[in-house]
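Structure file run.txt (compact mmCIF, C-alpha atoms and all ligand atoms) is printed below.
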# COMPACT_ATOMS: atom_id res chain seq x y z
CA MET X 24 12.98 -15.94 3.68
CA LEU X 25 11.23 -15.07 0.40
CA GLN X 26 10.41 -17.09 -2.69
CA PHE X 27 8.63 -15.55 -5.71
CA ASP X 28 7.17 -17.80 -8.41
CA LEU X 29 5.82 -16.47 -11.70
CA LEU X 30 2.63 -18.40 -12.56
CA ALA X 31 1.41 -16.55 -15.68
CA THR X 32 2.31 -13.52 -17.80
CA ASP X 33 0.01 -11.40 -20.01
CA ALA X 34 0.84 -11.26 -23.75
CA SER X 35 -0.32 -7.66 -24.27
CA SER X 36 1.05 -5.92 -21.15
CA HIS X 37 3.64 -6.28 -18.37
CA ALA X 38 1.01 -7.84 -16.09
CA ARG X 39 1.91 -11.09 -14.32
CA ARG X 40 0.36 -13.54 -11.88
CA GLY X 41 2.71 -14.63 -9.11
CA GLN X 42 3.02 -16.34 -5.73
CA LEU X 43 5.08 -14.94 -2.85
CA THR X 44 6.15 -17.35 -0.10
CA LEU X 45 7.12 -15.59 3.15
CA ASN X 46 7.81 -16.72 6.73
CA HIS X 47 4.18 -16.24 7.83
CA GLY X 48 2.55 -17.69 4.72
CA VAL X 49 1.93 -17.56 0.99
CA VAL X 50 0.58 -14.49 -0.83
CA GLN X 51 -1.08 -14.63 -4.26
CA THR X 52 -0.12 -11.65 -6.45
CA PRO X 53 -1.09 -9.10 -7.74
CA ILE X 54 -2.17 -8.11 -4.25
CA PHE X 55 -3.56 -5.11 -2.37
CA MET X 56 -2.21 -4.71 1.19
CA PRO X 57 -4.55 -3.01 3.72
CA VAL X 58 -2.77 -0.40 5.83
CA GLY X 59 -2.68 -1.03 9.58
CA THR X 60 -0.53 1.93 10.70
CA TYR X 61 -0.81 1.63 14.49
CA GLY X 62 -1.13 -2.17 14.53
CA THR X 63 -4.74 -2.13 13.44
CA VAL X 64 -6.58 -1.77 10.15
CA LYS X 65 -8.88 0.90 11.55
CA GLY X 66 -12.17 -0.56 12.77
CA VAL X 67 -11.70 -4.04 11.28
CA MET X 68 -11.18 -7.28 13.26
CA PRO X 69 -8.32 -9.50 11.99
CA ARG X 70 -10.84 -12.32 11.40
CA SER X 71 -12.93 -10.06 9.16
CA LEU X 72 -9.78 -9.12 7.23
CA GLU X 73 -9.12 -12.82 6.61
CA GLU X 74 -12.74 -13.45 5.57
CA MET X 75 -12.58 -10.66 2.97
CA GLY X 76 -9.39 -12.15 1.52
CA ALA X 77 -6.61 -10.01 2.98
CA GLN X 78 -3.35 -11.96 2.70
CA ILE X 79 -0.78 -9.44 3.93
CA ILE X 80 -1.17 -6.12 5.78
CA LEU X 81 1.07 -3.13 6.44
CA GLY X 82 2.44 -1.99 9.78
CA ASN X 83 4.32 1.23 10.35
CA THR X 84 7.76 1.27 11.92
CA PHE X 85 7.68 4.93 12.92
CA HIS X 86 4.28 4.94 14.61
CA LEU X 87 4.85 1.63 16.43
CA TRP X 88 8.27 2.82 17.59
CA MET X 89 6.63 5.93 19.04
CA ARG X 90 3.79 3.94 20.55
CA PRO X 91 3.76 1.30 22.13
CA GLY X 92 7.59 1.28 21.76
CA LEU X 93 10.18 -1.38 21.08
CA ASP X 94 10.12 -2.95 24.55
CA VAL X 95 6.43 -3.81 24.27
CA MET X 96 6.80 -5.09 20.68
CA ALA X 97 9.80 -7.23 21.64
CA SER X 98 7.92 -8.71 24.62
CA PHE X 99 5.36 -10.11 22.16
CA GLY X 100 8.05 -11.43 19.81
CA GLY X 101 6.89 -8.90 17.24
CA LEU X 102 3.81 -7.43 15.65
CA HIS X 103 1.95 -10.63 14.75
CA ALA X 104 1.19 -11.72 18.33
CA PHE X 105 0.60 -8.14 19.45
CA GLU X 106 -2.13 -7.42 16.90
CA GLN X 107 -3.24 -11.05 16.51
CA TRP X 108 -2.64 -11.11 12.75
CA HIS X 109 -0.78 -14.34 11.92
CA LYS X 110 -0.37 -13.96 8.16
CA PRO X 111 2.41 -11.90 6.53
CA ILE X 112 3.10 -8.28 7.48
CA LEU X 113 5.11 -5.66 5.55
CA THR X 114 6.53 -2.72 7.48
CA ASP X 115 7.56 0.56 5.93
CA SER X 116 10.92 1.89 7.15
CA GLY X 117 9.56 4.96 8.91
CA GLY X 118 11.36 7.36 6.60
CA PHE X 119 8.22 8.57 4.88
CA GLN X 120 6.59 9.42 8.21
CA VAL X 121 9.68 11.23 9.48
CA TRP X 122 9.74 13.25 6.24
CA SER X 123 6.13 14.15 6.85
CA LEU X 124 7.20 15.87 10.09
CA GLY X 125 8.37 18.79 7.93
CA ASP X 126 10.40 21.41 9.84
CA MET X 127 10.51 19.23 12.96
CA ARG X 128 13.35 17.16 11.49
CA LYS X 129 16.96 17.57 10.35
CA ILE X 130 18.35 15.26 7.66
CA THR X 131 22.06 14.36 7.70
CA GLU X 132 24.06 11.68 5.90
CA GLU X 133 24.05 9.72 9.17
CA GLY X 134 20.27 9.78 9.53
CA VAL X 135 17.36 11.97 10.59
CA HIS X 136 17.17 13.89 13.86
CA PHE X 137 13.64 14.84 14.93
CA ALA X 138 11.39 15.59 17.87
CA SER X 139 8.84 12.94 18.79
CA PRO X 140 5.37 14.18 17.78
CA VAL X 141 4.06 12.23 20.79
CA ASN X 142 6.14 13.70 23.64
CA GLY X 143 8.75 15.98 22.09
CA ASP X 144 11.70 13.65 22.91
CA LYS X 145 14.78 14.17 20.71
CA LEU X 146 15.01 11.07 18.46
CA PHE X 147 17.25 9.74 15.70
CA MET X 148 16.33 7.45 12.80
CA SER X 149 19.09 5.90 10.67
CA PRO X 150 19.19 2.87 8.36
CA GLU X 151 20.60 0.90 11.29
CA VAL X 152 17.92 2.06 13.75
CA SER X 153 15.15 1.34 11.21
CA MET X 154 16.49 -2.21 10.70
CA GLN X 155 16.64 -2.76 14.47
CA ILE X 156 13.02 -1.65 14.90
CA GLN X 157 11.76 -3.75 11.97
CA THR X 158 13.68 -6.75 13.32
CA ALA X 159 11.89 -6.34 16.67
CA LEU X 160 8.56 -6.13 14.76
CA ASN X 161 9.55 -9.36 12.94
CA SER X 162 7.75 -8.23 9.78
CA ASP X 163 7.97 -10.62 6.80
CA ILE X 164 8.98 -7.82 4.44
CA VAL X 165 11.23 -5.02 5.70
CA MET X 166 11.75 -1.79 3.73
CA GLN X 167 15.15 -0.12 3.55
CA LEU X 168 15.38 3.35 5.06
CA ASP X 169 15.35 5.75 2.13
CA GLU X 170 14.68 9.40 1.48
CA CYS X 171 11.29 9.78 -0.20
CA THR X 172 12.28 12.56 -2.59
CA PRO X 173 9.52 15.19 -2.32
CA TYR X 174 7.75 16.39 -5.47
CA GLU X 175 7.64 19.92 -4.15
CA THR X 176 8.52 21.69 -0.89
CA LYS X 177 6.75 24.94 0.02
CA GLY X 178 5.98 25.61 -3.64
CA HIS X 179 9.51 24.75 -4.87
CA ILE X 180 9.39 21.87 -7.37
CA THR X 181 12.30 19.47 -6.76
CA THR X 182 14.99 19.99 -9.40
CA GLU X 183 16.81 17.19 -11.23
CA ASP X 184 19.98 17.96 -9.25
CA GLU X 185 18.10 17.76 -5.93
CA ALA X 186 16.42 14.52 -7.00
CA ARG X 187 19.81 13.05 -7.96
CA ARG X 188 21.40 13.94 -4.62
CA SER X 189 18.41 12.48 -2.75
CA MET X 190 18.42 9.31 -4.86
CA GLU X 191 22.16 8.82 -4.33
CA MET X 192 21.80 9.12 -0.56
CA SER X 193 19.00 6.50 -0.67
CA ILE X 194 21.40 4.16 -2.47
CA ARG X 195 24.02 4.65 0.26
CA TRP X 196 21.28 4.03 2.86
CA ALA X 197 20.21 0.91 0.94
CA LYS X 198 23.71 -0.52 1.45
CA ARG X 199 23.70 0.44 5.14
CA SER X 200 20.24 -1.10 5.57
CA GLN X 201 21.46 -4.31 3.92
CA ASN X 202 24.59 -4.48 6.11
CA GLU X 203 22.64 -3.95 9.34
CA PHE X 204 19.90 -6.41 8.26
CA ALA X 205 22.61 -9.06 7.75
CA ARG X 206 24.38 -8.20 10.98
CA LEU X 207 21.11 -8.69 12.87
CA ASN X 208 20.61 -12.07 11.13
CA ASN X 209 17.06 -11.03 10.29
CA PRO X 210 15.37 -14.12 8.71
CA ASN X 211 12.85 -12.09 6.73
CA ALA X 212 13.14 -10.22 3.39
CA LEU X 213 14.58 -6.72 2.84
CA PHE X 214 13.36 -4.66 -0.13
CA GLY X 215 15.26 -1.84 -1.84
CA ILE X 216 13.33 1.28 -2.85
CA VAL X 217 13.82 2.99 -6.23
CA GLN X 218 13.92 6.77 -6.10
CA GLY X 219 14.77 9.39 -8.74
CA GLY X 220 11.89 11.84 -8.55
CA MET X 221 9.98 12.43 -11.79
CA PHE X 222 13.11 11.86 -13.94
CA GLU X 223 13.21 8.57 -15.85
CA HIS X 224 16.99 8.56 -16.30
CA LEU X 225 17.47 8.99 -12.51
CA ARG X 226 14.99 6.16 -11.94
CA GLN X 227 17.09 4.04 -14.30
CA GLU X 228 20.30 4.84 -12.40
CA SER X 229 18.61 4.08 -9.09
CA LEU X 230 17.19 0.73 -10.17
CA GLU X 231 20.48 -0.39 -11.77
CA GLN X 232 22.43 0.31 -8.57
CA LEU X 233 19.78 -1.40 -6.41
CA VAL X 234 19.62 -4.45 -8.70
CA ALA X 235 23.39 -4.74 -8.36
CA LEU X 236 22.85 -5.02 -4.58
CA ASP X 237 20.65 -8.07 -5.22
CA PHE X 238 17.65 -7.42 -2.94
CA PRO X 239 14.98 -10.17 -2.88
CA GLY X 240 12.34 -7.60 -3.88
CA TYR X 241 12.00 -3.97 -4.92
CA ALA X 242 9.65 -1.06 -4.32
CA VAL X 243 9.09 2.03 -6.42
CA GLY X 244 8.95 4.96 -4.00
CA GLY X 245 8.79 8.70 -4.40
CA VAL X 246 5.34 8.71 -6.01
CA SER X 247 1.89 9.51 -4.65
CA VAL X 248 3.57 12.46 -2.97
CA GLY X 249 1.41 15.21 -4.42
CA GLU X 250 2.75 15.06 -7.99
CA PRO X 251 0.36 15.49 -10.95
CA LYS X 252 -1.37 12.23 -11.85
CA GLU X 253 0.33 12.16 -15.27
CA ASP X 254 3.77 12.24 -13.60
CA MET X 255 2.87 9.29 -11.38
CA ARG X 256 1.57 7.36 -14.38
CA ARG X 257 4.75 8.23 -16.35
CA ILE X 258 7.00 6.81 -13.60
CA MET X 259 4.67 3.83 -13.21
CA ALA X 260 5.01 3.16 -16.95
CA HIS X 261 8.80 3.53 -16.86
CA THR X 262 10.13 1.79 -13.78
CA PRO X 263 8.33 -1.38 -12.51
CA HIS X 264 8.79 -3.52 -15.62
CA ARG X 265 12.52 -2.62 -15.74
CA LEU X 266 12.99 -4.29 -12.35
CA PRO X 267 13.98 -8.01 -12.32
CA ALA X 268 11.10 -10.13 -13.62
CA HIS X 269 11.80 -12.94 -11.14
CA LYS X 270 11.46 -10.67 -8.09
CA PRO X 271 8.36 -8.98 -6.58
CA ARG X 272 7.67 -5.33 -7.42
CA TYR X 273 5.85 -3.04 -4.96
CA LEU X 274 4.43 0.40 -5.85
CA MET X 275 4.24 2.38 -2.59
CA GLY X 276 1.21 4.40 -1.57
CA VAL X 277 -0.86 3.74 -4.72
CA GLY X 278 -3.77 4.25 -5.34
CA THR X 279 -7.22 4.47 -6.85
CA PRO X 280 -8.88 1.34 -8.33
CA GLU X 281 -7.84 2.60 -11.77
CA ASP X 282 -4.23 3.05 -10.57
CA LEU X 283 -4.19 -0.56 -9.36
CA VAL X 284 -5.41 -2.06 -12.66
CA GLU X 285 -3.05 0.14 -14.72
CA GLY X 286 -0.26 -0.59 -12.23
CA VAL X 287 -0.75 -4.33 -12.76
CA ALA X 288 -0.55 -3.71 -16.52
CA SER X 289 2.76 -1.89 -15.84
CA GLY X 290 4.20 -4.93 -14.08
CA VAL X 291 3.44 -4.14 -10.43
CA ASP X 292 2.73 -7.06 -8.05
CA MET X 293 2.00 -5.30 -4.72
CA PHE X 294 0.10 -2.16 -3.72
CA ASP X 295 -0.76 -0.37 -0.48
CA CYS X 296 -2.92 2.70 0.03
CA VAL X 297 -4.95 4.31 2.79
CA MET X 298 -7.59 5.32 0.23
CA PRO X 299 -10.13 2.51 0.82
CA THR X 300 -10.00 2.85 4.61
CA ARG X 301 -9.62 6.64 4.78
CA ASN X 302 -12.33 7.33 2.19
CA ALA X 303 -14.65 4.87 3.96
CA ARG X 304 -14.39 6.90 7.17
CA ASN X 305 -15.50 10.01 5.34
CA GLY X 306 -18.36 8.23 3.60
CA THR X 307 -16.90 7.79 0.12
CA VAL X 308 -17.53 4.30 -1.22
CA PHE X 309 -15.99 2.56 -4.26
CA THR X 310 -18.32 0.49 -6.43
CA ARG X 311 -18.07 -1.37 -9.72
CA TYR X 312 -19.88 1.47 -11.46
CA GLY X 313 -18.22 4.50 -9.85
CA ASP X 314 -17.90 6.18 -6.45
CA LEU X 315 -20.78 6.99 -4.10
CA LYS X 316 -21.07 9.43 -1.17
CA VAL X 317 -23.37 8.03 1.52
CA ARG X 318 -24.08 11.59 2.75
CA ASN X 319 -25.83 12.47 -0.52
CA ALA X 320 -29.57 13.02 0.09
CA ARG X 321 -30.44 10.97 -3.01
CA HIS X 322 -29.73 7.81 -0.96
CA LYS X 323 -32.29 8.66 1.75
CA GLN X 324 -34.87 6.10 0.59
CA ASP X 325 -32.72 3.88 -1.61
CA HIS X 326 -33.21 0.21 -0.64
CA GLN X 327 -30.31 -0.99 -2.78
CA PRO X 328 -26.96 -1.87 -1.15
CA LEU X 329 -23.85 0.25 -1.71
CA ASP X 330 -22.90 -1.95 -4.68
CA THR X 331 -25.50 -4.28 -6.23
CA SER X 332 -22.77 -6.63 -7.49
CA CYS X 333 -20.94 -6.86 -4.14
CA SER X 334 -20.93 -9.92 -1.84
CA CYS X 335 -19.37 -8.22 1.20
CA HIS X 336 -21.04 -8.28 4.65
CA ALA X 337 -22.25 -4.69 4.25
CA CYS X 338 -23.86 -5.29 0.84
CA ALA X 339 -24.93 -8.95 1.10
CA GLY X 340 -25.03 -9.72 4.84
CA VAL X 341 -23.80 -13.09 6.07
CA SER X 342 -25.48 -14.80 3.09
CA GLY X 343 -22.85 -13.34 0.79
CA ILE X 344 -25.44 -13.36 -2.02
CA SER X 345 -25.22 -10.04 -3.89
CA TRP X 346 -28.31 -7.98 -4.69
CA ASP X 347 -28.02 -8.62 -8.43
CA LYS X 348 -28.14 -12.38 -7.69
CA GLY X 349 -31.31 -12.01 -5.61
CA GLY X 350 -29.69 -11.46 -2.21
CA ARG X 351 -31.63 -9.13 0.16
CA ALA X 352 -29.68 -9.66 3.43
CA GLY X 353 -27.45 -6.61 3.10
CA PHE X 354 -27.66 -3.08 4.48
CA SER X 355 -29.30 -0.46 2.25
CA ARG X 356 -27.94 2.87 1.05
CA ALA X 357 -30.83 4.42 3.01
CA TYR X 358 -29.51 2.83 6.22
CA LEU X 359 -25.88 3.88 5.52
CA HIS X 360 -27.11 7.40 4.76
CA HIS X 361 -29.00 7.38 8.08
CA LEU X 362 -25.97 6.14 10.07
CA ASP X 363 -23.88 8.87 8.48
CA ARG X 364 -26.41 11.57 9.31
CA CYS X 365 -26.52 10.35 12.93
CA GLY X 366 -22.73 10.02 13.19
CA GLU X 367 -23.18 6.40 14.23
CA MET X 368 -19.93 4.34 14.47
CA LEU X 369 -21.43 1.40 12.55
CA GLY X 370 -21.42 3.60 9.43
CA PRO X 371 -17.63 3.81 8.98
CA MET X 372 -17.32 0.16 10.08
CA LEU X 373 -19.61 -0.96 7.23
CA THR X 374 -18.14 1.34 4.58
CA THR X 375 -14.63 0.22 5.59
CA ILE X 376 -15.61 -3.44 5.22
CA HIS X 377 -17.09 -2.68 1.83
CA ASN X 378 -14.17 -0.59 0.50
CA LEU X 379 -11.54 -3.10 1.64
CA HIS X 380 -13.58 -5.95 0.16
CA TYR X 381 -13.88 -3.91 -3.07
CA TYR X 382 -10.08 -3.48 -3.36
CA LEU X 383 -9.30 -7.07 -2.36
CA ASN X 384 -11.99 -8.47 -4.67
CA LEU X 385 -10.73 -6.29 -7.54
CA MET X 386 -7.30 -7.90 -7.16
CA GLN X 387 -8.94 -11.36 -7.01
CA GLU X 388 -10.70 -10.58 -10.32
CA VAL X 389 -7.36 -9.42 -11.76
CA ARG X 390 -5.68 -12.69 -10.67
CA ASP X 391 -8.54 -14.73 -12.19
CA ALA X 392 -8.27 -12.79 -15.47
CA LEU X 393 -4.51 -13.38 -15.62
CA GLU X 394 -4.95 -17.10 -14.87
CA HIS X 395 -7.47 -17.38 -17.72
CA ASN X 396 -5.51 -15.25 -20.17
CA ARG X 397 -8.18 -12.55 -20.40
CA PHE X 398 -6.55 -9.60 -18.59
CA SER X 399 -6.79 -7.29 -21.60
CA ALA X 400 -10.58 -7.79 -21.85
CA PHE X 401 -10.94 -7.41 -18.08
CA ARG X 402 -8.95 -4.14 -18.14
CA GLN X 403 -11.26 -2.67 -20.78
CA GLN X 404 -14.52 -3.81 -19.14
CA PHE X 405 -13.31 -2.51 -15.76
CA ALA X 406 -12.68 0.98 -17.18
CA THR X 407 -16.08 0.98 -18.98
CA ASP X 408 -17.98 -0.12 -15.86
CA ARG X 409 -16.25 2.38 -13.58
CA SER X 410 -17.03 5.27 -15.92
CA ARG X 411 -20.74 4.28 -16.10
CA GLY X 412 -21.59 6.07 -12.86
CA ILE X 413 -24.28 5.10 -10.35
O1 LIG W 1 9.35 6.72 -1.28
C1 LIG W 1 8.85 6.16 -0.30
N1 LIG W 1 9.63 5.48 0.59
C2 LIG W 1 9.11 4.87 1.68
N2 LIG W 1 7.80 4.88 1.96
C3 LIG W 1 6.94 5.56 1.12
C4 LIG W 1 5.56 5.59 1.43
C5 LIG W 1 4.71 6.30 0.58
N3 LIG W 1 3.36 6.54 0.66
C6 LIG W 1 3.10 7.32 -0.41
N4 LIG W 1 1.92 7.83 -0.69
C7 LIG W 1 0.82 7.63 0.22
C8 LIG W 1 0.50 8.98 0.70
N5 LIG W 1 -0.65 8.84 1.53
C9 LIG W 1 -1.70 9.71 0.98
C10 LIG W 1 -2.87 9.75 1.94
O2 LIG W 1 -2.42 10.14 3.24
C11 LIG W 1 -1.44 9.24 3.80
C12 LIG W 1 -0.24 9.19 2.90
N6 LIG W 1 4.18 7.54 -1.18
C13 LIG W 1 5.21 6.93 -0.57
C14 LIG W 1 6.56 6.89 -0.90
C15 LIG W 1 7.43 6.20 -0.03
ZN ZN W 2 -19.95 -4.33 -0.45

So that I can check it, write out the structure of this file as structure tokens.
Amino acid sequence: MLQFDLLATDASSHARRGQLTLNHGVVQTPIFMPVGTYGTVKGVMPRSLEEMGAQIILGNTFHLWMRPGLDVMASFGGLHAFEQWHKPILTDSGGFQVWSLGDMRKITEEGVHFASPVNGDKLFMSPEVSMQIQTALNSDIVMQLDECTPYETKGHITTEDEARRSMEMSIRWAKRSQNEFARLNNPNALFGIVQGGMFEHLRQESLEQLVALDFPGYAVGGVSVGEPKEDMRRIMAHTPHRLPAHKPRYLMGVGTPEDLVEGVASGVDMFDCVMPTRNARNGTVFTRYGDLKVRNARHKQDHQPLDTSCSCHACAGVSGISWDKGGRAGFSRAYLHHLDRCGEMLGPMLTTIHNLHYYLNLMQEVRDALEHNRFSAFRQQFATDRSRGI
């Protein structure tokens, strides 16, 4: 089941404030979805995710199929009970991960043959198999199996002809995904995925054919795959706002804080990206005034928190009072620098909490701005602050 309500639209952009009602709860949009590939958002307890405002998280069909396997997932009635996250979950189809296996896979019209990266078993992923796995996971939003058209392969830039053939196969797989999803009587929501490479007219053909199939929601795929930033921004400017206004729009695998704010302005409602969690583990921290590397020696004696305006547990402690409002209960940059130097596990735990809170709070500020009809001013102030540097 899925219901999408439009609550406000911005006069000077394609931005909109919405509300997504799914089987496991209601999600306020625009929203950032933390990535929990193996059934965990790395190093973060589900309760902490809730406290920082996460409303929906991602699971990954391919990885969970490999380990722990369908039998274990089915015995828990799906992913929610297994990972003890009882709000909505979106699962990607697995196609992107299989594509990432490179030469270890063979693509046919029927599906993809590949060797398990875990134990070498010969496996097969098709639209039907992907739907069966996602049904066992009982995710609230299921993604069709598609072919994520590569930007380039071994130095060869994908041609328009290759992008067309790939896009057309994804449309055929969209229909097969829809048929299998219906045959399984899956009570959740299936999204179609727009492909078309870096070619606007192929994107247009893809979205028109997918809209004709009447999915309850749509994703824009085939970006954040190594293409130049200007190409991603060009597709982001072209495609999302051409999708049905009364249905949710999801931009896959994007992106930086700037990508999220500009994506909202382009009409996107949902984002996912490993950036906040992955960067946190290597000591790169997002703040209101730019990015910070905890390893940098200049932080050795700095008593300030990672972000003086942040109310997360790392920056403000349990008080939640940010430094710039007089709070002094948080951890200092000096301490985070020390943990990093010592390779202590608390370091990545704290930077992950901060980065996820930063992304989730950024989307909260975007929703507030849209509700109060001041998104344009917010968008400008955000860009100014971020370029200030710390
Ligand atoms: O067309 C797609 N179809 C189905 N799933 C996707 C997932 C996608 N994820 C990215 N980008 C994220 C790339 N990450 C960068 C950092 O390392 C992990 C992957 N682009 C994506 C495109 C697709
Ligand atoms: Zn913080």

Could you produce a table of the residues of chain X lying within 12 Å of ligand ZN 2 (chain W), with the nearest pair of atoms per residue and their separation in Å rounded to one decimal, using only C-alpha atoms and all ligand atoms, ordered by chain and increasing residue number, as CSV?
residue,atom,partner,partner_atom,distance
X:Met75,CA,W:ZN2,ZN,10.3
X:Ala303,CA,W:ZN2,ZN,11.5
X:Val308,CA,W:ZN2,ZN,9.0
X:Phe309,CA,W:ZN2,ZN,8.8
X:Thr310,CA,W:ZN2,ZN,7.9
X:Arg311,CA,W:ZN2,ZN,9.9
X:Leu315,CA,W:ZN2,ZN,11.9
X:Gln327,CA,W:ZN2,ZN,11.1
X:Pro328,CA,W:ZN2,ZN,7.5
X:Leu329,CA,W:ZN2,ZN,6.1
X:Asp330,CA,W:ZN2,ZN,5.7
X:Thr331,CA,W:ZN2,ZN,8.0
X:Ser332,CA,W:ZN2,ZN,7.9
X:Cys333,CA,W:ZN2,ZN,4.6
X:Ser334,CA,W:ZN2,ZN,5.8
X:Cys335,CA,W:ZN2,ZN,4.3
X:His336,CA,W:ZN2,ZN,6.5
X:Ala337,CA,W:ZN2,ZN,5.2
X:Cys338,CA,W:ZN2,ZN,4.2
X:Ala339,CA,W:ZN2,ZN,7.0
X:Gly340,CA,W:ZN2,ZN,9.1
X:Val341,CA,W:ZN2,ZN,11.6
X:Gly343,CA,W:ZN2,ZN,9.5
X:Ile344,CA,W:ZN2,ZN,10.7
X:Ser345,CA,W:ZN2,ZN,8.5
X:Trp346,CA,W:ZN2,ZN,10.1
X:Ala352,CA,W:ZN2,ZN,11.8
X:Gly353,CA,W:ZN2,ZN,8.6
X:Phe354,CA,W:ZN2,ZN,9.2
X:Ser355,CA,W:ZN2,ZN,10.5
X:Arg356,CA,W:ZN2,ZN,10.9
X:Leu359,CA,W:ZN2,ZN,11.8
X:Met372,CA,W:ZN2,ZN,11.7
X:Leu373,CA,W:ZN2,ZN,8.4
X:Thr374,CA,W:ZN2,ZN,7.8
X:Thr375,CA,W:ZN2,ZN,9.2
X:Ile376,CA,W:ZN2,ZN,7.2
X:His377,CA,W:ZN2,ZN,4.0
X:Asn378,CA,W:ZN2,ZN,6.9
X:Leu379,CA,W:ZN2,ZN,8.8
X:His380,CA,W:ZN2,ZN,6.6
X:Tyr381,CA,W:ZN2,ZN,6.6
X:Tyr382,CA,W:ZN2,ZN,10.3
X:Leu383,CA,W:ZN2,ZN,11.2
X:Asn384,CA,W:ZN2,ZN,9.9
X:Leu385,CA,W:ZN2,ZN,11.8

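Taking atom CA of X:Asn161 and atom CA of X:Gly101 as endpoints, the distance between them is 5.1 Å.
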
Gap from atom CA of X:Lys270 to atom CA of X:Gln218 - Å, one decimal: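 Straight-line distance from atom CA of X:Lys270 to atom CA of X:Gln218 works out to 17.7 Å.
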
Residue among X:Gln26, X:Thr407, X:Thr84, X:Ser116 lying closest to ligand LIG 1 (chain W), counting all atoms listed in the file: X:Ser116

Within-6 Å residues of ligand LIG 1 (chain W), basis only C-alpha atoms and all ligand atoms, as a list in words: Asp115, Gly118, Phe119, Asp169, Cys171, Gly244, Gly245, Val246, Ser247, Val248, Met275, Gly276 and Val297 of chain X

Residues within 10 Å of (4.4, 7.9, -13.1), counting only C-alpha atoms, listed as number ranges by chain: X: 220-223, 245-247, 250-262, 286

Keeping only C-alpha atoms, write those residues as a tab-separated table (two decimals), keeping the file's coordinate frame.
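Okay, this is what ended up in result_16.tsv:
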chain	number	residue	atom	x	y	z
X	220	GLY	CA	11.89	11.84	-8.55
X	221	MET	CA	9.98	12.43	-11.79
X	222	PHE	CA	13.11	11.86	-13.94
X	223	GLU	CA	13.21	8.57	-15.85
X	245	GLY	CA	8.79	8.70	-4.40
X	246	VAL	CA	5.34	8.71	-6.01
X	247	SER	CA	1.89	9.51	-4.65
X	250	GLU	CA	2.75	15.06	-7.99
X	251	PRO	CA	0.36	15.49	-10.95
X	252	LYS	CA	-1.37	12.23	-11.85
X	253	GLU	CA	0.33	12.16	-15.27
X	254	ASP	CA	3.77	12.24	-13.60
X	255	MET	CA	2.87	9.29	-11.38
X	256	ARG	CA	1.57	7.36	-14.38
X	257	ARG	CA	4.75	8.23	-16.35
X	258	ILE	CA	7.00	6.81	-13.60
X	259	MET	CA	4.67	3.83	-13.21
X	260	ALA	CA	5.01	3.16	-16.95
X	261	HIS	CA	8.80	3.53	-16.86
X	262	THR	CA	10.13	1.79	-13.78
X	286	GLY	CA	-0.26	-0.59	-12.23

Between atom CA of X:Thr307 and atom CA of X:Pro371, distance in Å (one decimal):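 We find that atom CA of X:Thr307 and atom CA of X:Pro371 lie 9.7 Å from each other.
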
For X:Tyr273, the nearest of the candidates X:Ser399, X:Asn208, X:Thr52, X:Ser36, counting all atoms listed in the file: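 Between X:Ser399, X:Asn208, X:Thr52, X:Ser36, the residue approaching X:Tyr273 most closely is X:Thr52.
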
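Remark: for X:Arg90, the closest of the candidate residues X:Asn142, X:Lys65, X:Gly306, X:Phe55 is X:Asn142 (distances computed over only C-alpha atoms).
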
Selection as a list in words: residues within 9 Å of (14.7, 11.3, -9.1), counting all atoms listed in the file: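 Collected hits near the coordinates: Thr172, Thr181, Thr182, Glu183, Asp184, Glu185, Ala186, Arg187, Arg188, Ser189, Met190, Val217, Gln218, Gly219, Gly220, Met221, Phe222, Glu223, His224, Leu225, Arg226, Ser229 and Gly245 of chain X.
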
All residues 8 Å or closer to X:Gln201, all atoms listed in the file, same chain fewer than 3 positions away omitted, as a PyMOL selection string: chain X and resi 167+197-198+204-205+213

Of the listed residues X:Tyr358, X:Trp88, X:Tyr61, X:Phe27, that which approaches X:Thr158 most closely, counting only C-alpha atoms: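 Counting only C-alpha atoms, the residue closest to X:Thr158 is X:Trp88.
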
Using only C-alpha atoms: which of X:Asp314, X:Glu133, X:Asp292, X:Asp237 has the shortest distance to X:Leu168: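 That would be X:Glu133, the residue with the smallest distance to X:Leu168.
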
Nearest candidate to X:Ala392 (options X:Val284, X:Leu362, X:Met368, X:Met148; using all atoms listed in the file):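 Nearest to X:Ala392: X:Val284.
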
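Residues surrounding X:Ala288 within 6 Å are Ser36, His37, Ala38 and Glu285 of chain X [all atoms listed in the file; sequence separation below 3 positions excluded].
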
X:Trp122 surroundings by only C-alpha atoms, 10 Å radius, close-in-sequence under 4 positions cut, as an NGL selection string: :X and (117-118 or 126-130 or 135 or 137 or 170-173)

Near-X:Leu393 list (12 Å; all atoms listed in the file; drop same-chain fewer than 3 positions) as a PyMOL selection string: chain X and resi 29-41+51-53+284+287-288+386-390+396-402

Writing C-alpha atoms and nothing else, produce stretch 308-319 of chain X as a compact mmCIF listing (two decimals), in the first residue's frame.
# COMPACT_ATOMS: atom_id res chain seq x y z
CA VAL X 308 32.58 15.14 8.61
CA PHE X 309 29.89 17.37 7.07
CA THR X 310 29.12 20.63 8.86
CA ARG X 311 26.98 23.69 8.19
CA TYR X 312 30.08 25.62 7.16
CA GLY X 313 31.93 23.01 5.08
CA ASP X 314 33.62 19.63 5.50
CA LEU X 315 36.17 18.74 8.17
CA LYS X 316 38.76 15.94 8.40
CA VAL X 317 39.21 14.81 12.01
CA ARG X 318 42.72 13.53 11.16
CA ASN X 319 43.94 17.07 10.45
